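Text of model.cif, listed as mmCIF, C-alpha atoms and all ligand atoms:
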```
data_start
loop_
_atom_site.group_PDB
_atom_site.id
_atom_site.type_symbol
_atom_site.label_atom_id
_atom_site.label_comp_id
_atom_site.auth_asym_id
_atom_site.auth_seq_id
_atom_site.Cartn_x
_atom_site.Cartn_y
_atom_site.Cartn_z
ATOM 1 C CA MET A 1 72.664 98.670 110.553
ATOM 2 C CA GLU A 2 76.078 99.534 109.124
ATOM 3 C CA ILE A 3 78.989 97.458 110.430
ATOM 4 C CA TYR A 4 82.762 97.853 110.354
ATOM 5 C CA ARG A 5 84.493 96.539 107.252
ATOM 6 C CA GLU A 6 86.934 93.643 107.240
ATOM 7 C CA PHE A 7 90.355 94.105 105.613
ATOM 8 C CA HIS A 8 92.975 91.803 104.084
ATOM 9 C CA LEU A 9 96.679 92.438 103.629
ATOM 10 C CA GLY A 10 98.613 89.453 102.281
ATOM 11 C CA GLN A 11 97.566 86.635 104.606
ATOM 12 C CA PHE A 12 96.701 89.024 107.439
ATOM 13 C CA ARG A 13 93.021 89.657 108.130
ATOM 14 C CA PHE A 14 91.738 92.569 110.236
ATOM 15 C CA THR A 15 88.313 93.000 111.845
ATOM 16 C CA ARG A 16 87.024 95.377 114.480
ATOM 17 C CA ASP A 17 84.109 95.329 116.884
ATOM 18 C CA ASP A 18 82.998 97.836 119.537
ATOM 19 C CA TYR A 19 86.098 97.345 121.714
ATOM 20 C CA PHE A 20 88.859 95.576 119.820
ATOM 21 C CA ALA A 21 90.834 95.318 116.614
ATOM 22 C CA HIS A 22 91.364 91.633 115.783
ATOM 23 C CA ILE A 23 94.375 90.594 113.707
ATOM 24 C CA PHE A 24 94.349 87.067 112.252
ATOM 25 C CA PHE A 25 97.423 85.458 110.725
ATOM 26 C CA PRO A 26 98.805 82.005 109.875
ATOM 27 C CA THR A 27 101.957 80.864 111.720
ATOM 28 C CA GLN A 28 105.127 78.871 111.063
ATOM 29 C CA ALA A 29 103.864 76.295 113.574
ATOM 30 C CA GLY A 30 100.723 75.783 111.492
ATOM 31 C CA ARG A 31 98.325 77.017 114.126
ATOM 32 C CA PRO A 32 96.453 80.202 113.144
ATOM 33 C CA MET A 33 96.692 83.134 115.540
ATOM 34 C CA GLU A 34 94.138 85.728 116.536
ATOM 35 C CA HIS A 35 95.592 88.798 118.231
ATOM 36 C CA LYS A 36 93.489 91.473 119.921
ATOM 37 C CA MET A 37 94.262 95.125 120.640
ATOM 38 C CA ASP A 38 92.098 97.774 122.311
ATOM 39 C CA ILE A 39 90.676 99.746 119.412
ATOM 40 C CA ASP A 40 92.043 103.153 120.499
ATOM 41 C CA ALA A 41 95.480 101.585 121.073
ATOM 42 C CA PHE A 42 95.357 100.100 117.569
ATOM 43 C CA LEU A 43 94.144 103.204 115.713
ATOM 44 C CA ARG A 44 96.726 105.589 117.224
ATOM 45 C CA PRO A 45 99.764 103.694 115.852
ATOM 46 C CA LEU A 46 97.917 102.922 112.620
ATOM 47 C CA GLN A 47 97.422 106.651 112.048
ATOM 48 C CA ARG A 48 101.067 107.428 112.754
ATOM 49 C CA ASP A 49 102.425 104.591 110.643
ATOM 50 C CA VAL A 50 100.529 106.046 107.667
ATOM 51 C CA ALA A 51 101.359 109.699 108.462
ATOM 52 C CA TRP A 52 105.049 108.903 108.970
ATOM 53 C CA GLY A 53 105.279 106.931 105.719
ATOM 54 C CA PHE A 54 106.265 103.854 107.842
ATOM 55 C CA PHE A 55 108.996 105.926 109.518
ATOM 56 C CA TYR A 56 112.553 104.749 110.161
ATOM 57 C CA GLY A 57 112.828 101.056 110.861
ATOM 58 C CA MET A 58 110.253 99.297 112.999
ATOM 59 C CA VAL A 59 106.875 100.578 114.174
ATOM 60 C CA LYS A 60 105.469 98.110 116.706
ATOM 61 C CA PHE A 61 101.784 98.739 117.405
ATOM 62 C CA ASP A 62 102.307 96.612 120.541
ATOM 63 C CA ASP A 63 104.533 93.622 121.416
ATOM 64 C CA ILE A 64 103.015 91.483 118.652
ATOM 65 C CA PHE A 65 102.005 93.421 115.548
ATOM 66 C CA GLY A 66 103.778 96.045 113.457
ATOM 67 C CA THR A 67 105.700 97.073 110.362
ATOM 68 C CA ILE A 68 109.322 97.489 109.258
ATOM 69 C CA ASN A 69 110.152 100.061 106.608
ATOM 70 C CA HIS A 70 112.416 98.728 103.873
ATOM 71 C CA TYR A 71 111.904 101.945 101.883
ATOM 72 C CA GLY A 72 109.899 100.661 98.919
ATOM 73 C CA THR A 73 108.562 97.557 100.571
ATOM 74 C CA VAL A 74 107.167 97.141 104.074
ATOM 75 C CA GLU A 75 107.438 94.057 106.259
ATOM 76 C CA VAL A 76 104.175 93.443 108.093
ATOM 77 C CA PHE A 77 104.696 91.128 111.050
ATOM 78 C CA GLY A 78 102.772 89.337 113.783
ATOM 79 C CA GLY A 79 104.653 87.744 116.685
ATOM 80 C CA LYS A 80 108.018 87.733 114.882
ATOM 81 C CA TYR A 81 109.728 90.127 117.326
ATOM 82 C CA HIS A 82 108.169 88.695 120.495
ATOM 83 C CA LYS A 83 110.528 86.268 122.224
ATOM 84 C CA ALA A 84 108.053 83.544 123.240
ATOM 85 C CA LEU A 85 105.996 83.634 120.049
ATOM 86 C CA ARG A 86 109.116 83.611 117.866
ATOM 87 C CA GLU A 87 110.668 80.680 119.725
ATOM 88 C CA ASN A 88 107.447 78.679 119.423
ATOM 89 C CA GLY A 89 106.902 79.383 115.731
ATOM 90 C CA LEU A 90 103.762 81.400 116.434
ATOM 91 C CA TRP A 91 104.649 84.192 114.080
ATOM 92 C CA HIS A 92 104.097 85.390 110.540
ATOM 93 C CA ALA A 93 105.652 88.116 108.399
ATOM 94 C CA GLU A 94 105.285 89.264 104.806
ATOM 95 C CA GLU A 95 107.226 91.799 102.796
ATOM 96 C CA LEU A 96 104.636 93.756 100.826
ATOM 97 C CA ASP A 97 104.589 96.626 98.401
ATOM 98 C CA ARG A 98 104.620 99.911 100.302
ATOM 99 C CA ASP A 99 101.679 101.366 98.362
ATOM 100 C CA GLU A 100 99.521 98.309 99.013
ATOM 101 C CA VAL A 101 100.119 98.473 102.775
ATOM 102 C CA GLU A 102 99.403 102.199 102.783
ATOM 103 C CA ARG A 103 96.185 101.785 100.770
ATOM 104 C CA VAL A 104 94.780 99.129 103.122
ATOM 105 C CA PHE A 105 95.832 101.050 106.265
ATOM 106 C CA VAL A 106 94.220 104.275 104.981
ATOM 107 C CA GLU A 107 90.989 102.466 104.096
ATOM 108 C CA MET A 108 91.012 100.934 107.565
ATOM 109 C CA LEU A 109 91.368 104.383 109.146
ATOM 110 C CA GLU A 110 88.562 105.761 106.982
ATOM 111 C CA ASP A 111 86.221 102.981 108.039
ATOM 112 C CA TRP A 112 87.254 102.430 111.672
ATOM 113 C CA VAL A 113 87.973 105.942 113.035
ATOM 114 C CA PRO A 114 84.709 107.598 114.157
ATOM 115 C CA ALA A 115 84.023 111.347 113.987
ATOM 116 C CA ASP A 116 84.414 111.750 117.768
ATOM 117 C CA PHE A 117 87.945 110.260 117.883
ATOM 118 C CA ASP A 118 91.149 111.984 116.734
ATOM 119 C CA PRO A 119 94.029 109.462 116.768
ATOM 120 C CA PHE A 120 96.622 112.292 116.806
ATOM 121 C CA ALA A 121 95.209 114.025 119.894
ATOM 122 C CA ALA A 122 96.119 113.371 123.515
ATOM 123 C CA PRO A 123 93.415 111.355 125.328
ATOM 124 C CA ARG A 124 92.180 114.423 127.288
ATOM 125 C CA GLU A 125 91.583 116.253 123.984
ATOM 126 C CA THR A 126 89.462 113.673 122.189
ATOM 127 C CA GLY A 127 86.677 111.140 122.578
ATOM 128 C CA SER A 128 87.100 107.399 122.215
ATOM 129 C CA ALA A 129 86.808 105.087 119.219
ATOM 130 C CA ILE A 130 84.864 102.550 121.303
ATOM 131 C CA GLY A 131 81.373 101.671 120.124
ATOM 132 C CA PRO A 132 79.391 100.780 117.020
ATOM 133 C CA LYS A 133 80.013 102.007 113.486
ATOM 134 C CA ARG A 134 79.228 105.660 112.946
ATOM 135 C CA GLN A 135 80.313 108.565 110.794
ATOM 136 C CA GLY A 136 84.066 108.804 110.087
ATOM 137 C CA ASN A 137 86.647 111.540 110.744
ATOM 138 C CA PRO A 138 88.289 112.317 107.363
ATOM 139 C CA ALA A 139 89.649 115.708 108.502
ATOM 140 C CA ALA A 140 91.739 114.131 111.274
ATOM 141 C CA ILE A 141 92.893 111.139 109.233
ATOM 142 C CA HIS A 142 93.944 113.123 106.180
ATOM 143 C CA ARG A 143 95.590 115.896 108.144
ATOM 144 C CA LYS A 144 98.371 117.262 105.964
ATOM 145 C CA ARG A 145 101.640 118.491 107.382
ATOM 146 C CA VAL A 146 102.004 122.229 106.924
ATOM 147 C CA VAL A 147 104.729 122.611 104.318
ATOM 148 C CA THR A 148 106.247 126.038 104.104
ATOM 149 C CA THR A 149 107.026 127.580 100.740
ATOM 150 C CA ARG A 150 108.816 130.659 102.088
ATOM 151 C CA MET A 151 111.629 131.156 104.564
ATOM 152 C CA ILE A 152 110.564 132.067 108.068
ATOM 153 C CA LYS A 153 109.698 135.773 108.480
ATOM 154 C CA GLN A 154 110.146 136.372 104.750
ATOM 155 C CA GLU A 155 107.584 138.670 103.155
ATOM 156 C CA GLU A 156 104.421 137.007 101.787
ATOM 157 C CA ARG A 157 104.845 134.063 104.144
ATOM 158 C CA GLN A 158 101.553 132.851 105.555
ATOM 159 C CA ASP A 159 101.882 131.257 108.971
ATOM 160 C CA PRO A 160 98.846 129.229 110.001
ATOM 161 C CA ASP A 161 97.625 130.446 113.358
ATOM 162 C CA TYR A 162 97.244 127.692 115.938
ATOM 163 C CA PRO A 163 96.337 128.548 119.532
ATOM 164 C CA ILE A 164 98.693 127.872 122.438
ATOM 165 C CA ASN A 165 97.826 124.406 123.755
ATOM 166 C CA ALA A 166 96.234 124.382 127.220
ATOM 167 C CA GLY A 167 99.187 122.272 128.414
ATOM 168 C CA PHE A 168 101.481 125.279 127.862
ATOM 169 C CA ALA A 169 99.151 128.054 129.073
ATOM 170 C CA GLY A 170 101.132 130.814 130.783
ATOM 171 C CA MET A 171 104.500 129.804 129.346
ATOM 172 C CA GLN A 172 106.731 132.847 128.700
ATOM 173 C CA PHE A 173 108.196 133.087 125.215
ATOM 174 C CA ILE A 174 111.240 135.323 125.356
ATOM 175 C CA TYR A 175 112.566 136.222 121.930
ATOM 176 C CA GLY A 176 116.262 136.791 121.254
ATOM 177 C CA GLU A 177 117.800 139.998 119.977
ATOM 178 C CA MET A 178 118.843 140.719 116.409
ATOM 179 C CA HIS A 179 121.187 143.475 115.306
ATOM 180 C CA ILE A 180 121.155 143.684 111.537
ATOM 181 C CA LYS A 181 123.032 145.945 109.184
ATOM 182 C CA PRO A 182 120.647 148.543 107.755
ATOM 183 C CA GLY A 183 119.132 147.452 104.459
ATOM 184 C CA HIS A 184 119.174 143.748 105.313
ATOM 185 C CA GLU A 185 116.347 143.642 107.854
ATOM 186 C CA HIS A 186 113.996 141.740 105.527
ATOM 187 C CA LYS A 187 116.444 138.827 105.197
ATOM 188 C CA PHE A 188 116.385 137.817 108.855
ATOM 189 C CA GLY A 189 113.801 136.757 111.368
ATOM 190 C CA LEU A 190 113.664 135.387 114.903
ATOM 191 C CA VAL A 191 111.788 132.235 115.779
ATOM 192 C CA ASN A 192 110.975 131.011 119.251
ATOM 193 C CA LEU A 193 110.973 127.222 119.095
ATOM 194 C CA TYR A 194 109.083 126.980 122.395
ATOM 195 C CA GLU A 195 106.267 129.120 121.018
ATOM 196 C CA TYR A 196 106.207 127.097 117.800
ATOM 197 C CA LEU A 197 105.884 123.867 119.776
ATOM 198 C CA ALA A 198 103.372 125.311 122.237
ATOM 199 C CA ARG A 199 101.069 125.786 119.235
ATOM 200 C CA SER A 200 101.402 122.186 117.995
ATOM 201 C CA ASP A 201 97.938 120.624 117.722
ATOM 202 C CA VAL A 202 99.174 117.016 117.604
ATOM 203 C CA THR A 203 101.151 114.735 119.911
ATOM 204 C CA TRP A 204 103.970 112.280 119.142
ATOM 205 C CA ASN A 205 104.226 113.563 115.573
ATOM 206 C CA PRO A 206 107.612 115.165 114.818
ATOM 207 C CA SER A 207 107.772 118.103 112.421
ATOM 208 C CA ILE A 208 110.945 118.805 110.472
ATOM 209 C CA VAL A 209 112.074 122.364 111.240
ATOM 210 C CA SER A 210 115.618 122.299 109.862
ATOM 211 C CA VAL A 211 117.447 120.293 107.227
ATOM 212 C CA VAL A 212 121.221 120.364 106.771
ATOM 213 C CA GLU A 213 122.221 117.590 104.365
ATOM 214 C CA HIS A 214 120.997 114.441 106.210
ATOM 215 C CA SER A 215 120.635 116.162 109.573
ATOM 216 C CA LEU A 216 116.976 116.687 110.469
ATOM 217 C CA PHE A 217 115.776 118.485 113.585
ATOM 218 C CA CYS A 218 112.321 117.116 114.353
ATOM 219 C CA PRO A 219 110.837 118.720 117.475
ATOM 220 C CA THR A 220 107.517 117.462 118.754
ATOM 221 C CA THR A 221 105.153 117.767 121.682
ATOM 222 C CA GLU A 222 104.376 114.669 123.704
ATOM 223 C CA GLU A 223 101.593 113.805 126.104
ATOM 224 C CA HIS A 224 100.337 110.496 127.533
ATOM 225 C CA LYS A 225 102.357 107.720 125.869
ATOM 226 C CA LEU A 226 103.988 107.180 122.514
ATOM 227 C CA PRO A 227 101.363 105.012 120.799
ATOM 228 C CA VAL A 228 104.036 102.869 119.150
ATOM 229 C CA LYS A 229 107.181 101.078 120.230
ATOM 230 C CA HIS A 230 109.725 102.504 117.808
ATOM 231 C CA GLY A 231 112.649 100.332 116.750
ATOM 232 C CA ASN A 232 114.891 102.645 114.800
ATOM 233 C CA ASP A 233 117.296 101.413 112.108
ATOM 234 C CA ARG A 234 119.840 104.116 113.036
ATOM 235 C CA VAL A 235 120.979 106.027 116.114
ATOM 236 C CA GLU A 236 118.364 108.561 117.223
ATOM 237 C CA TRP A 237 119.047 111.527 119.491
ATOM 238 C CA PHE A 238 116.625 113.068 121.960
ATOM 239 C CA ILE A 239 116.984 116.476 123.625
ATOM 240 C CA GLN A 240 114.378 117.191 126.294
ATOM 241 C CA LEU A 241 113.281 120.826 126.038
ATOM 242 C CA ASN A 242 110.487 120.948 128.557
ATOM 243 C CA GLY A 243 108.516 118.667 130.883
ATOM 244 C CA GLN A 244 109.499 115.057 131.505
ATOM 245 C CA ILE A 245 109.471 111.868 129.450
ATOM 246 C CA ASP A 246 110.180 108.394 130.800
ATOM 247 C CA TRP A 247 111.411 105.919 128.208
ATOM 248 C CA GLU A 248 111.048 102.161 128.337
ATOM 249 C CA ILE A 249 113.810 100.634 126.246
ATOM 250 C CA CYS A 250 113.669 97.043 125.046
ATOM 251 C CA ASP A 251 115.563 94.769 122.690
ATOM 252 C CA GLN A 252 114.142 95.326 119.210
ATOM 253 C CA ARG A 253 114.197 91.628 118.205
ATOM 254 C CA THR A 254 112.754 90.108 121.366
ATOM 255 C CA GLY A 255 110.967 92.897 123.243
ATOM 256 C CA GLU A 256 112.999 92.084 126.391
ATOM 257 C CA LEU A 257 113.441 95.034 128.742
ATOM 258 C CA ARG A 258 116.878 96.666 128.734
ATOM 259 C CA ALA A 259 116.558 99.999 130.500
ATOM 260 C CA PHE A 260 114.426 102.813 131.821
ATOM 261 C CA VAL A 261 115.447 106.400 131.084
ATOM 262 C CA ARG A 262 113.969 109.483 132.728
ATOM 263 C CA MET A 263 114.571 112.702 130.775
ATOM 264 C CA ARG A 264 114.158 116.148 132.313
ATOM 265 C CA PRO A 265 114.682 119.529 130.612
ATOM 266 C CA GLY A 266 118.203 119.773 129.197
ATOM 267 C CA ASP A 267 118.810 116.006 129.216
ATOM 268 C CA VAL A 268 120.255 114.517 126.044
ATOM 269 C CA CYS A 269 119.941 110.860 125.157
ATOM 270 C CA ALA A 270 121.141 108.773 122.187
ATOM 271 C CA MET A 271 119.174 105.629 121.419
ATOM 272 C CA PRO A 272 121.188 102.732 119.888
ATOM 273 C CA ALA A 273 120.025 101.305 116.547
ATOM 274 C CA ASP A 274 119.115 97.867 117.941
ATOM 275 C CA ILE A 275 116.528 98.849 120.549
ATOM 276 C CA GLN A 276 112.889 99.829 120.624
ATOM 277 C CA HIS A 277 111.655 102.664 122.795
ATOM 278 C CA GLN A 278 108.311 103.857 124.098
ATOM 279 C CA GLY A 279 107.943 107.195 125.878
ATOM 280 C CA PHE A 280 105.582 108.203 128.679
ATOM 281 C CA ALA A 281 104.809 111.889 129.307
ATOM 282 C CA PRO A 282 102.580 112.620 132.323
ATOM 283 C CA GLU A 283 101.968 116.137 130.986
ATOM 284 C CA ARG A 284 102.485 117.867 127.653
ATOM 285 C CA SER A 285 106.219 118.032 127.016
ATOM 286 C CA MET A 286 108.596 119.255 124.338
ATOM 287 C CA LEU A 287 111.162 116.976 122.755
ATOM 288 C CA LEU A 288 113.711 117.644 120.039
ATOM 289 C CA VAL A 289 114.320 114.495 117.991
ATOM 290 C CA TRP A 290 117.465 114.547 115.877
ATOM 291 C CA GLU A 291 117.481 112.080 112.977
ATOM 292 C CA ASN A 292 120.130 111.206 110.419
ATOM 293 C CA ALA A 293 118.100 110.769 107.222
ATOM 294 C CA ASP A 294 120.951 109.237 105.172
ATOM 295 C CA PRO A 295 119.072 106.657 103.052
ATOM 296 C CA ASP A 296 122.112 104.333 103.165
ATOM 297 C CA MET A 297 122.315 104.408 106.974
ATOM 298 C CA PRO A 298 120.638 101.004 107.647
ATOM 299 C CA GLN A 299 123.041 99.343 105.192
ATOM 300 C CA LYS A 300 126.052 101.194 106.668
ATOM 301 C CA ILE A 301 125.141 99.922 110.147
ATOM 302 C CA ARG A 302 124.449 96.377 108.907
ATOM 303 C CA SER A 303 127.839 96.250 107.160
ATOM 304 C CA GLY A 304 129.648 97.624 110.232
ATOM 305 C CA ALA A 305 130.846 100.741 108.384
ATOM 306 C CA ILE A 306 129.103 102.856 111.028
ATOM 307 C CA PRO A 307 128.421 101.674 114.587
ATOM 308 C CA GLY A 308 124.801 101.408 115.723
ATOM 309 C CA ASP A 309 125.965 102.104 119.273
ATOM 310 C CA PRO A 310 126.190 105.830 120.026
ATOM 311 C CA ASP A 311 129.067 105.349 122.485
ATOM 312 C CA LYS A 312 131.148 103.839 119.652
ATOM 313 C CA MET A 313 130.440 106.686 117.279
ATOM 314 C CA VAL A 314 133.422 108.639 116.045
ATOM 315 C CA THR A 315 131.790 111.895 117.071
ATOM 316 C CA MET A 316 131.746 110.793 120.708
ATOM 317 C CA LYS A 317 135.544 110.301 120.968
HETATM 318 FE FE FE B 401 112.089 106.858 117.873
#
```

For this file, write the structure as structure tokens.
Amino acid sequence: MEIYREFHLGQFRFTRDDYFAHIFFPTQAGRPMEHKMDIDAFLRPLQRDVAWGFFYGMVKFDDIFGTINHYGTVEVFGGKYHKALRENGLWHAEELDRDEVERVFVEMLEDWVPADFDPFAAPRETGSAIGPKRQGNPAAIHRKRVVTTRMIKQEERQDPDYPINAGFAGMQFIYGEMHIKPGHEHKFGLVNLYEYLARSDVTWNPSIVSVVEHSLFCPTTEEHKLPVKHGNDRVEWFIQLNGQIDWEICDQRTGELRAFVRMRPGDVCAMPADIQHQGFAPERSMLLVWENADPDMPQKIRSGAIPGDPDKMVTMK
């Protein structure tokens, strides 16, 4: 009988069985640790960490294990940003080459994600990863972002046709009006962002729809809970477009609870750079995430040149 493979990354060791991912690591205190996560709850963040290229800042798979993007290298940690484990020396972290972390994580996905489980889908849309080793799901794991080569509505543009998600069935998409000088009609097009998002086939996976210098608009559809606790290394803005998302906001270094935020349509929220957040969406919702992609931003915040607190930002005065 085929069994799940074991993986090594630095001094971390990963195994899985029918129900759990097991993460083994040495600790400062000298006592080795074994940490367990439900397998579905481990594979969902693992998939996103790979797909997001380790994202901005910290991706906590849960309170214990995760990664920090240093843009070239990746810190892989166990227990380091958990108050009790940190204080008792029961933690370990290694800064590893980005490509090495990615290679091991991808191999883990290829071996551990079964054909009947899609880590990007909402729980109601997919089966479970629980159970013995079986055929994998390469199509879901290696899903490529759709990258456009033509401007929206420009001739020759091929738009992939995704169906409206059941969570948005019946939603009215009212297009705006355009009045264009004759002869220029082909240069302009109308897009309905709600319709675009209603056709999204993944959850908690932002797509970049506009880029102006470092300003990225990254709308996304959300359902169930964000599979990671995201500790950004810069201020991150949220604009709730539809539905409702509750956010649990904790200190990034210790995991201690700081606030709950409930966002309803039209609500705008700015997350400080020193927190982690996890969102909960009882039904499929639409969220516009606004990121500043300035590669020097973490350093600017560390040096104090730019505040990591949104209420101290110049733009707020
Ligand atoms: Fe975030």

Protein and nucleic acid residues within 10 Å of ligand FE 401 (chain B) (only C-alpha atoms and all ligand atoms) as a compact mmCIF listing (two decimals) with C-alpha atoms, keeping the file's coordinate frame:
```
# COMPACT_ATOMS: atom_id res chain seq x y z
CA PHE A 55 109.00 105.93 109.52
CA TYR A 56 112.55 104.75 110.16
CA GLY A 57 112.83 101.06 110.86
CA MET A 58 110.25 99.30 113.00
CA VAL A 59 106.88 100.58 114.17
CA TRP A 204 103.97 112.28 119.14
CA PRO A 206 107.61 115.16 114.82
CA LEU A 226 103.99 107.18 122.51
CA VAL A 228 104.04 102.87 119.15
CA LYS A 229 107.18 101.08 120.23
CA HIS A 230 109.72 102.50 117.81
CA GLY A 231 112.65 100.33 116.75
CA ASN A 232 114.89 102.64 114.80
CA ASP A 233 117.30 101.41 112.11
CA ARG A 234 119.84 104.12 113.04
CA VAL A 235 120.98 106.03 116.11
CA GLU A 236 118.36 108.56 117.22
CA TRP A 237 119.05 111.53 119.49
CA PHE A 238 116.62 113.07 121.96
CA MET A 271 119.17 105.63 121.42
CA ALA A 273 120.02 101.30 116.55
CA ILE A 275 116.53 98.85 120.55
CA GLN A 276 112.89 99.83 120.62
CA HIS A 277 111.66 102.66 122.80
CA GLN A 278 108.31 103.86 124.10
CA GLY A 279 107.94 107.20 125.88
CA VAL A 289 114.32 114.50 117.99
CA TRP A 290 117.46 114.55 115.88
CA GLU A 291 117.48 112.08 112.98
```

Seminar exercise, completed: atom CA of A:Phe120 sits from atom CA of A:Val202 at a separation of 5.4 Å

For this session: Determine the residue set returned by the PyMOL selection byres (((chain A and resi 32) around 12) and not hetatm) for the present structure, and present it as JSON, numbers by chain.
Result: {"A": [11, 12, 13, 23, 24, 25, 26, 27, 28, 29, 30, 31, 33, 34, 35, 78, 79, 89, 90, 91, 92]}

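Proximity ranking of A:Tyr162, A:Trp112, A:Tyr71, A:Trp247 relative to A:Pro298 places A:Tyr71 first, based on all atoms listed in the file.
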
For this session: Select, from A:Gly308, A:Arg264, A:Asn165, A:Lys133, the residue with the minimum atom-to-atom distance to A:Met1, counting all atoms listed in the file.
Result: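 For A:Met1, the nearest of the candidates is A:Lys133.
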
For this session: Using only C-alpha atoms, pick whichever of A:His214, A:Glu110, A:Val209, A:Asp116 has the shortest atom-to-atom distance to A:Asp296.
Result: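 Counting only C-alpha atoms, the residue closest to A:Asp296 is A:His214.
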
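The space between atom CA of A:Glu248 and atom CA of A:Val101 spans 28.0 Å.
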
Exercise. Given the choices A:Gly243, A:Pro123, A:Pro132, A:Gly167, which gets closest to A:Asp267 if the distance is worked out from only C-alpha atoms?
Worked result: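 That would be A:Gly243, the residue with the smallest distance to A:Asp267.
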
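When you apply the PyMOL selection byres (((chain A and resi 280) around 6) and not hetatm) to this structure, what comes back is A:His224, A:Lys225, A:Ile245, A:Asp246, A:Gly279, A:Ala281.
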
Can you sort out stretch 67-83 of chain A so it carries N, CA and C atoms, written as a compact mmCIF listing (two decimals), in the coordinates of the input?
```txt
# COMPACT_ATOMS: atom_id res chain seq x y z
N THR A 67 105.13 96.99 111.71
CA THR A 67 105.70 97.07 110.36
C THR A 67 107.19 97.43 110.45
N ILE A 68 107.93 97.03 109.42
CA ILE A 68 109.32 97.49 109.26
C ILE A 68 109.44 98.13 107.88
N ASN A 69 110.00 99.33 107.86
CA ASN A 69 110.15 100.06 106.61
C ASN A 69 111.42 99.60 105.89
N HIS A 70 111.25 99.04 104.71
CA HIS A 70 112.42 98.73 103.87
C HIS A 70 112.50 99.70 102.70
N TYR A 71 111.81 100.83 102.83
CA TYR A 71 111.90 101.94 101.88
C TYR A 71 111.60 101.49 100.45
N GLY A 72 110.35 101.19 100.22
CA GLY A 72 109.90 100.66 98.92
C GLY A 72 108.98 99.48 99.16
N THR A 73 109.43 98.62 100.08
CA THR A 73 108.56 97.56 100.57
C THR A 73 108.43 97.73 102.08
N VAL A 74 107.41 97.08 102.63
CA VAL A 74 107.17 97.14 104.07
C VAL A 74 106.97 95.72 104.57
N GLU A 75 107.71 95.35 105.61
CA GLU A 75 107.44 94.06 106.26
C GLU A 75 106.31 94.25 107.26
N VAL A 76 105.26 93.45 107.11
CA VAL A 76 104.18 93.44 108.09
C VAL A 76 104.34 92.16 108.91
N PHE A 77 104.40 92.31 110.24
CA PHE A 77 104.70 91.13 111.05
C PHE A 77 103.71 90.95 112.20
N GLY A 78 103.54 89.68 112.58
CA GLY A 78 102.77 89.34 113.78
C GLY A 78 103.58 88.33 114.57
N GLY A 79 103.96 88.67 115.79
CA GLY A 79 104.65 87.74 116.68
C GLY A 79 106.13 87.54 116.41
N LYS A 80 106.64 88.05 115.29
CA LYS A 80 108.02 87.73 114.88
C LYS A 80 109.07 88.33 115.82
N TYR A 81 108.75 89.46 116.44
CA TYR A 81 109.73 90.13 117.33
C TYR A 81 109.27 90.10 118.78
N HIS A 82 108.59 88.99 119.12
CA HIS A 82 108.17 88.70 120.50
C HIS A 82 108.85 87.39 120.87
N LYS A 83 109.63 87.40 121.94
CA LYS A 83 110.53 86.27 122.22
C LYS A 83 109.79 84.92 122.26
```
